[in-house]
Every structure is written in structure tokens, then in C-alpha cells.
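Here is the structure we will look at, set down as C-alpha cells.
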Amino acid sequence: MAIAAAAAGAVSSPNLYYRPGNPRLPHQQETAASATLIVKPKSAIFGRRALSSFLCDSQRNDDGRTGVLPIRSEMTTESATSDDPGFADRGAGLHHIPRISPLMAASPAVASSVALPPKRYKKSVCLFYCEEMRELAERVALESDSIYLRSISWRKFEDGFPNLFIPNAHGIRGQHVAFLASFSSPGVIFEQLSVIFALPRLFISSFTLVLPFFPTGSYERMEDEGDVATAFTLARTLSNIPISRGGPTSLVIFDIHALQERFYFGDSVLPCFESGVPLLKNRLQQLPDSENISIAFPDDGAWKRFHKQLQHFPMIICNKVREGDQRIVRLKEGDPRGRHVVIVDDLVQSGGTLIECQKVLAAHGAERVSAYVTHGIFPNRSWERFNNDNGVGPSNGLSYFWITDSCPLTVKEVKNRPPFEILSLAGEISAALQI
């Protein structure tokens with residue numbers, strides 16, 4: 001129907017055909033170029049004969065001849081051969097008039113409606129952030145010219161409670177708004193929740209909460225009666241964020257600890273679970289020994305989480321066994337001999353499991369051992385337990401320890417300290433904001 005409408009509009013143009021006595025169009029057809037509109041009928045109902053009849057009846061000159069542009073129909077080989085009984089009849093009523101001005105070829109409206117695909121819409125996003133996430137927010141804004149930063153005044157009253165202010169709140173009406181949060185400690189969660197609950201009420205078009213690290217994700221199970229699953233508490237809190245004009249809040253989280261936690265969220269929020277593993281894969285391709293990489297998982301849970309994303313690498317699975325109060329790591333599956341083995345998990349806290357896994361892999365002949373976690377939490381400066389191998393071997397330490405910038409306080413402590421390297425989530429967050 002769009003092509004038919006374009007053809008009808010073109011035919012009705014006063015400059016497209018010759019009319020005797022029309023002072024706006026001198027008789028100069030002999031020197032002008034000819035224009036041809038190509039129409040591909042989708043069914044026999046709107047075929048060559050119907051289209052030509054429609055166009056030929058639209059205008060006639062004083063001498064009775066049709067004054068429309070020539071129409072050429074692209075038919076398939078089976079339907080446009082001389083052996084077809086209706087072949088000659090399909091051409092009835094088509095005329096080729098003298099040359100006319102090439103307005104059809106120069107018309108941008110017709111060209112765009114017929115030939116050019118529509119451009120993909122890129123929405124403009126207003127990104128707010130907490131102070132801990134300032135550096136990451138600036139990197140996100142550098143990833144796309146459609147993301148611009150807005151600051152919040154984070155002040156406190158004398159009693160310690162937050163005194164918050166959103167400058168130029170009227171200026172974000174009708175905008176796509178996002179907030180980059182860091183729940184690094186219970187002390188900062190309340191003030192950020194206050195902003196998170198206020199932004200959707202400012203008549204914004206849509207709201208996205210980016211929470212790279214879901215902090216209570218490792219406290220999702222109840223082993224004894226009376227245990228409180230704080231992961232459920234936070235999920236239900238975020239599920240009650242006010243709905244904006246565009247609908248429920250989009251919640252972006254990277255590598256949540258337990259996949260079943262996605263079911264903790266209510267229907268008023270749309271969780272979007274992303275992963276930092278693609279950043280690791282890109283980094284591994286840059287290594288000089290990229291062809292000698294094997295992936296190790298410290299337990300079956302990590303294998304279930306990440307093995308599909310890393311299936312092109314040889315895999316090694318370790319297993320944690322309890323002996324009294326100790327957890328002992330053993331090699332369950334795979335061969336690390338002569339390989340650069342990269343241990344992959346979602347997060348690290350004290351680092352005990354990773355260190356034991358490193359020792360087991362070194363004892364089984366690994367040439368080098370590195371590690372990757374999306375979230376480097378490292379309470380009580382536990383990152384100090386990890387040493388660089390300095391080229392000596394895996395029994396001496398790690399070649400690389402990759403973490404993302406999901407935990408900004410950790411990033412400040414380990415930056416430029418081997419074996420640590422920071423893989424930024426800025427590009428992944430920028431892409432998620434365009435969903």
C-alpha cells in the first residue's frame with residue numbers, strides 16, 4: 001500500500017505530466033529525461049493490469065492519451081514469460097509518453113519510501129549517579145553521544161540523615177532517565193533509594209536503574225529456621241519503585257550471584273540480567289598465548305553459570321569438599337598441564353577458594369594461572385592476599401586478576417597493583433541503556 005500511495009501521489013503532481021495550456025509546464029519534453037517507477041506487485045489482485053488501469057484513469061490529456069509516467073512491473077520469471085496466457089493482457093493500457101522532467105528520480109520523498117530502510121532510533125538518556133559511581137558514569141557518557149550526565153546534591157543534615165536535592169527537576173520531564181547506583185554498604189543504600197523513588201515521579205518518559213552489583217545476592221538461602229534472606233528483602237524493595245509514565249522500571253544487574261534470585265522481583269520492575277564475561281573474552285583474545293587458554297571453574301555452580309558463554313575454551317572443573325571446618329578444593333575434571341588456566345567466578349570476598357584453586361592447578365602442571373570475577377568485593381582488604389607471579393610460575397601467584405568496576409571502592413584500592421586489571425562495564429551499560 002505504501003508503494004501504491006507513493007505512485008498515486010507522484011501521478012497527482014502537477015509537474016509530472018504534460019497538460020496543454022498549463023503555463024507552469026512548458027512543452028520541453030523532447031530534451032528532458034524519462035522517469036520510470038518500478039512497482040513489484042504482491043498479489044494477482046494488484047497486478048500490472050490493475051495498476052496501469054489505476055494510473056491511466058487518473059489523468060488524460062486533451063487528445064485522449066494518458067499522460068502518466070511509464071510503469072514497469074518487476075515480475076518473477078514464472079509469471080512474466082511470453083508463454084503465460086495473460087502475459088500480453090498484463091501489458092494492455094501501458095503507454096510510454098514523450099520524455100518528461102526527471103522529478104520522480106529526484107524526489108527524496110519517493111526515494112525514501114521505496115528504497116531507503118528506516119534509521120534506527122537512538123534515544124537520548126539523562127544519567128544520574130551516586131558519588132561513588134562518578135568515574136564509571138563519566139566513562140558511560142563517553143561511550144555514546146546520546147547519554148548526558150546530571151548531578152545530584154548529596155548533602156546531610158546535622159543528625160546524619162540525607163539532605164538531597166535534584167537540580168532543575170523540571171528539565172527532565174519527558175526525558176528517558178537512568179540512575180547508576182552503588183549499594184556498597186548499608187549506610188549509602190537509604191540515600192540512594194530516596195533518589196531512586198523520587199525520579200520516576202518527575203513525569204519522566206522512562207526510568208532505568210543500573211545496579212551493577214546486587215550486594216545481598218550471596219544471602220539468598222535459609223539454612224536454619226530464623227535465617228533472613230536479605231536478597232529477598234532488597235529485591236522486594238526495588239520492586240516497589242514508582243512506575244514512570246513509560247511503565248515499570250528497568251533494572252540492570254550484572255552477574256547476579258544466584259540465578260533464582262530473578263524470581264524475587266515483583267511485576268512492577270523489569271530485571272535485565274547482563275554479564276561481564278564478554279569483557280573477559282575480549283581481553284583473552286589480546287593475550288600472546290590466547291591459543292593456549294583453558295577455563296577453570298572453582299565449583300559446579302560457577303560452571304553452570306558461565307560454561308555456555310565460554311564453551312569454545314577447554315574447561316576444567318574443581319570441586320569444594322568440606323573436611324571439618326575447612327573447605328578443600330580438588331580437581332574434578334579437565335587437564336591443566338601446560339596451559340594458561342583462567343579461573344572464572346561471579347564474585348570474590350575473602351579469596352580463600354580462589355587461592356586454593358590456584359594451588360591445585362599449579363600442582364597439576366598448569367603453566368600459568370589467572371583469575372576473573374565480575375565483582376571484586378574484598379572486605380577487610382583481602383585483595384592483599386593475591387600476589388603477582390612475576391613470571392616465576394603459578395605456585396608463586398597469579399599472572400592476571402581481572403575484575404570489573406562494579407565495585408568502585410575496590411577499584412580505587414587495587415588500581416595499578418599487579419596482578420589486578422580493571423575491565424570497565426561502561427560499554428555494556430551504555431548498550432543496556434538503549435534497550
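Numbering starts fresh at 1 for the residues of each chain in the C-alpha cells, the chains themselves are lettered A, B, ... in the order given, and ligands are numbered from 1 as they appear.
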Next on the checklist: Please identify the helix (DSSP H, G or I) residues within stretch 191-338 of chain A (assignment by DSSP from backbone atoms) and present them as a ChimeraX atom specification.
Outcome noted: /A:191-201,230-238,259-264,277-285,290-292,300-306
Item to check | Surrounding residues of A:Ser151 excluding itself and chain neighbours under 4 positions, 12 Å, only C-alpha atoms, as a count of residues only | outcome: 20
Checklist entry - Looking only at the backbone, which of the residues in stretch 268-414 of chain A does DSSP tag as strand (DSSP E or B), as a PyMOL selection string? => result chain A and resi 269-274+293-297+315-323+326-333+340-348+368-376+388+398+401-404
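Residues in contact range of stretch 331-341 of chain A, defined as at most 8 Å between only C-alpha atoms, with sequence neighbours fewer than 6 positions away removed, read Asp289, Asn292, Ile293, Ser294, Ile295, Ala296, Pro314, Met315, Ile316, Ile317, Cys318, Asn319, Val360, Leu361, His364, Gly365, Ala366, Glu367, Arg368, Val369 and Ser370 of chain A.
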Output of the above residues as a compact mmCIF listing (two decimals), in the first residue's frame, restricted to all heavy atoms:
# COMPACT_ATOMS: atom_id res chain seq x y z
N ASP A 289 49.40 -15.62 24.41
CA ASP A 289 49.16 -17.06 24.45
C ASP A 289 47.66 -17.38 24.39
O ASP A 289 47.19 -18.31 25.05
CB ASP A 289 49.79 -17.68 25.69
CG ASP A 289 49.25 -17.08 26.98
OD1 ASP A 289 48.56 -16.04 26.90
OD2 ASP A 289 49.50 -17.63 28.07
N ASN A 292 46.36 -20.86 23.98
CA ASN A 292 46.71 -21.86 25.00
C ASN A 292 45.90 -21.65 26.28
O ASN A 292 46.32 -22.02 27.36
CB ASN A 292 48.21 -21.76 25.32
CG ASN A 292 48.70 -22.96 26.12
OD1 ASN A 292 48.32 -24.10 25.84
ND2 ASN A 292 49.53 -22.70 27.13
N ILE A 293 44.71 -21.04 26.15
CA ILE A 293 43.88 -20.72 27.31
C ILE A 293 42.94 -21.87 27.64
O ILE A 293 42.30 -22.45 26.75
CB ILE A 293 43.06 -19.44 27.06
CG1 ILE A 293 43.98 -18.25 26.81
CG2 ILE A 293 42.12 -19.16 28.23
CD1 ILE A 293 44.78 -17.81 28.00
N SER A 294 42.84 -22.20 28.91
CA SER A 294 41.80 -23.09 29.43
C SER A 294 41.05 -22.34 30.52
O SER A 294 41.62 -21.49 31.21
CB SER A 294 42.40 -24.38 29.99
OG SER A 294 42.95 -25.19 28.96
N ILE A 295 39.77 -22.67 30.68
CA ILE A 295 38.93 -22.02 31.69
C ILE A 295 38.68 -23.01 32.82
O ILE A 295 38.30 -24.16 32.59
CB ILE A 295 37.60 -21.55 31.09
CG1 ILE A 295 37.84 -20.57 29.95
CG2 ILE A 295 36.72 -20.92 32.17
CD1 ILE A 295 38.52 -19.28 30.34
N ALA A 296 38.89 -22.54 34.06
CA ALA A 296 38.63 -23.36 35.23
C ALA A 296 37.51 -22.74 36.06
O ALA A 296 37.41 -21.51 36.18
CB ALA A 296 39.90 -23.49 36.09
N PRO A 314 38.82 -25.04 26.29
CA PRO A 314 38.89 -26.27 27.11
C PRO A 314 38.55 -25.92 28.56
O PRO A 314 38.95 -24.86 29.07
CB PRO A 314 40.35 -26.70 26.97
CG PRO A 314 40.82 -26.07 25.70
CD PRO A 314 40.08 -24.77 25.57
N MET A 315 37.83 -26.79 29.22
CA MET A 315 37.32 -26.48 30.56
C MET A 315 37.85 -27.42 31.61
O MET A 315 38.09 -28.61 31.36
CB MET A 315 35.79 -26.49 30.56
CG MET A 315 35.17 -25.41 29.71
SD MET A 315 33.39 -25.30 29.88
CE MET A 315 33.03 -23.99 28.70
N ILE A 316 38.03 -26.86 32.81
CA ILE A 316 38.48 -27.59 33.98
C ILE A 316 37.51 -27.27 35.11
O ILE A 316 37.17 -26.10 35.33
CB ILE A 316 39.91 -27.19 34.37
CG1 ILE A 316 40.88 -27.48 33.22
CG2 ILE A 316 40.35 -27.88 35.64
CD1 ILE A 316 42.22 -26.80 33.37
N ILE A 317 37.06 -28.28 35.82
CA ILE A 317 36.11 -28.07 36.91
C ILE A 317 36.74 -28.56 38.20
O ILE A 317 37.24 -29.69 38.30
CB ILE A 317 34.80 -28.83 36.66
CG1 ILE A 317 34.17 -28.39 35.33
CG2 ILE A 317 33.81 -28.58 37.80
CD1 ILE A 317 32.92 -29.16 34.97
N CYS A 318 36.74 -27.68 39.19
CA CYS A 318 37.20 -28.04 40.52
C CYS A 318 36.00 -28.30 41.41
O CYS A 318 34.86 -28.03 41.05
CB CYS A 318 38.07 -26.92 41.10
SG CYS A 318 39.58 -26.58 40.16
N ASN A 319 36.28 -28.79 42.59
CA ASN A 319 35.20 -29.15 43.49
C ASN A 319 35.61 -28.82 44.91
O ASN A 319 36.74 -29.11 45.33
CB ASN A 319 34.87 -30.64 43.36
CG ASN A 319 33.57 -31.00 44.06
OD1 ASN A 319 32.74 -30.14 44.30
ND2 ASN A 319 33.41 -32.28 44.39
N VAL A 360 45.89 -25.92 43.48
CA VAL A 360 45.59 -27.22 42.88
C VAL A 360 45.99 -27.23 41.41
O VAL A 360 46.58 -28.20 40.91
CB VAL A 360 44.09 -27.54 43.04
CG1 VAL A 360 43.70 -28.75 42.20
CG2 VAL A 360 43.76 -27.79 44.50
N LEU A 361 45.67 -26.17 40.68
CA LEU A 361 46.01 -26.11 39.26
C LEU A 361 47.52 -26.09 39.05
O LEU A 361 48.05 -26.72 38.13
CB LEU A 361 45.37 -24.87 38.64
CG LEU A 361 43.84 -24.86 38.58
CD1 LEU A 361 43.33 -23.49 38.17
CD2 LEU A 361 43.33 -25.92 37.61
N HIS A 364 48.98 -29.51 39.44
CA HIS A 364 48.66 -30.41 38.33
C HIS A 364 49.30 -29.95 37.02
O HIS A 364 48.87 -30.39 35.94
CB HIS A 364 47.16 -30.56 38.16
CG HIS A 364 46.52 -31.45 39.19
ND1 HIS A 364 46.27 -31.04 40.48
CD2 HIS A 364 46.10 -32.75 39.12
CE1 HIS A 364 45.70 -32.02 41.15
NE2 HIS A 364 45.59 -33.09 40.35
N GLY A 365 50.26 -29.07 37.07
CA GLY A 365 51.08 -28.77 35.89
C GLY A 365 50.65 -27.59 35.06
O GLY A 365 51.13 -27.45 33.92
N ALA A 366 49.81 -26.71 35.59
CA ALA A 366 49.43 -25.51 34.81
C ALA A 366 50.66 -24.63 34.59
O ALA A 366 51.48 -24.45 35.50
CB ALA A 366 48.35 -24.73 35.54
N GLU A 367 50.80 -24.10 33.38
CA GLU A 367 51.93 -23.23 33.07
C GLU A 367 51.77 -21.85 33.70
O GLU A 367 52.73 -21.27 34.24
CB GLU A 367 52.08 -23.09 31.56
CG GLU A 367 53.26 -22.25 31.12
CD GLU A 367 53.39 -22.19 29.61
OE1 GLU A 367 53.30 -23.25 28.97
OE2 GLU A 367 53.55 -21.07 29.08
N ARG A 368 50.55 -21.31 33.63
CA ARG A 368 50.22 -20.03 34.25
C ARG A 368 48.79 -20.12 34.78
O ARG A 368 47.97 -20.85 34.23
CB ARG A 368 50.33 -18.88 33.24
CG ARG A 368 51.68 -18.73 32.59
CD ARG A 368 51.62 -17.75 31.43
NE ARG A 368 51.50 -16.37 31.89
CZ ARG A 368 51.27 -15.34 31.09
NH1 ARG A 368 51.09 -15.55 29.77
NH2 ARG A 368 51.19 -14.12 31.56
N VAL A 369 48.50 -19.33 35.81
CA VAL A 369 47.16 -19.29 36.37
C VAL A 369 46.75 -17.82 36.52
O VAL A 369 47.52 -17.00 37.06
CB VAL A 369 47.07 -19.99 37.73
CG1 VAL A 369 45.66 -19.84 38.32
CG2 VAL A 369 47.40 -21.47 37.59
N SER A 370 45.58 -17.48 36.02
CA SER A 370 44.98 -16.16 36.18
C SER A 370 43.57 -16.33 36.73
O SER A 370 43.07 -17.45 36.86
CB SER A 370 44.96 -15.39 34.85
OG SER A 370 46.27 -15.17 34.36
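Counting only C-alpha atoms, A:His170 has the following residues at most 12 Å away, ignoring those fewer than 5 positions along the same chain: A:Gln175, A:Leu199, A:Arg201, A:Leu202, A:Phe203, A:Ile204.
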Expected file: the selected residues, all heavy atoms, as a short mmCIF file (atom, residue, chain, number, x, y, z; two decimals), in the first residue's frame:
data_model
loop_
_atom_site.label_atom_id
_atom_site.label_comp_id
_atom_site.auth_asym_id
_atom_site.auth_seq_id
_atom_site.Cartn_x
_atom_site.Cartn_y
_atom_site.Cartn_z
N GLN A 175 11.83 13.08 29.64
CA GLN A 175 13.12 12.50 29.26
C GLN A 175 13.21 11.03 29.68
O GLN A 175 12.52 10.58 30.60
CB GLN A 175 14.26 13.28 29.94
CG GLN A 175 14.28 14.75 29.61
CD GLN A 175 14.83 15.02 28.22
OE1 GLN A 175 15.64 14.26 27.72
NE2 GLN A 175 14.40 16.10 27.62
N LEU A 199 12.82 9.99 41.37
CA LEU A 199 12.98 10.29 39.95
C LEU A 199 11.78 9.88 39.10
O LEU A 199 11.34 10.66 38.24
CB LEU A 199 14.26 9.63 39.43
CG LEU A 199 15.57 10.29 39.86
CD1 LEU A 199 16.77 9.45 39.43
CD2 LEU A 199 15.69 11.70 39.28
N ARG A 201 8.77 9.96 39.67
CA ARG A 201 7.61 10.81 39.94
C ARG A 201 7.73 12.18 39.27
O ARG A 201 6.82 13.00 39.41
CB ARG A 201 7.43 11.00 41.45
CG ARG A 201 7.16 9.70 42.20
CD ARG A 201 6.98 9.97 43.69
NE ARG A 201 6.76 8.76 44.46
CZ ARG A 201 5.57 8.18 44.65
NH1 ARG A 201 4.50 8.74 44.11
NH2 ARG A 201 5.45 7.09 45.36
N LEU A 202 8.82 12.43 38.57
CA LEU A 202 9.04 13.75 37.97
C LEU A 202 8.56 13.79 36.52
O LEU A 202 9.11 14.52 35.70
CB LEU A 202 10.52 14.11 38.06
CG LEU A 202 11.08 14.26 39.48
CD1 LEU A 202 12.57 14.55 39.45
CD2 LEU A 202 10.33 15.35 40.25
N PHE A 203 7.56 12.99 36.19
CA PHE A 203 6.92 12.98 34.86
C PHE A 203 7.94 12.67 33.76
O PHE A 203 7.93 13.28 32.69
CB PHE A 203 6.22 14.31 34.58
CG PHE A 203 5.07 14.59 35.50
CD1 PHE A 203 5.26 15.37 36.65
CD2 PHE A 203 3.82 14.07 35.25
CE1 PHE A 203 4.22 15.62 37.52
CE2 PHE A 203 2.76 14.32 36.12
CZ PHE A 203 2.96 15.09 37.25
N ILE A 204 8.83 11.72 34.04
CA ILE A 204 9.82 11.32 33.04
C ILE A 204 9.22 10.27 32.12
O ILE A 204 8.23 9.61 32.45
CB ILE A 204 11.09 10.76 33.72
CG1 ILE A 204 10.75 9.55 34.59
CG2 ILE A 204 11.76 11.85 34.55
CD1 ILE A 204 11.98 8.92 35.25
#
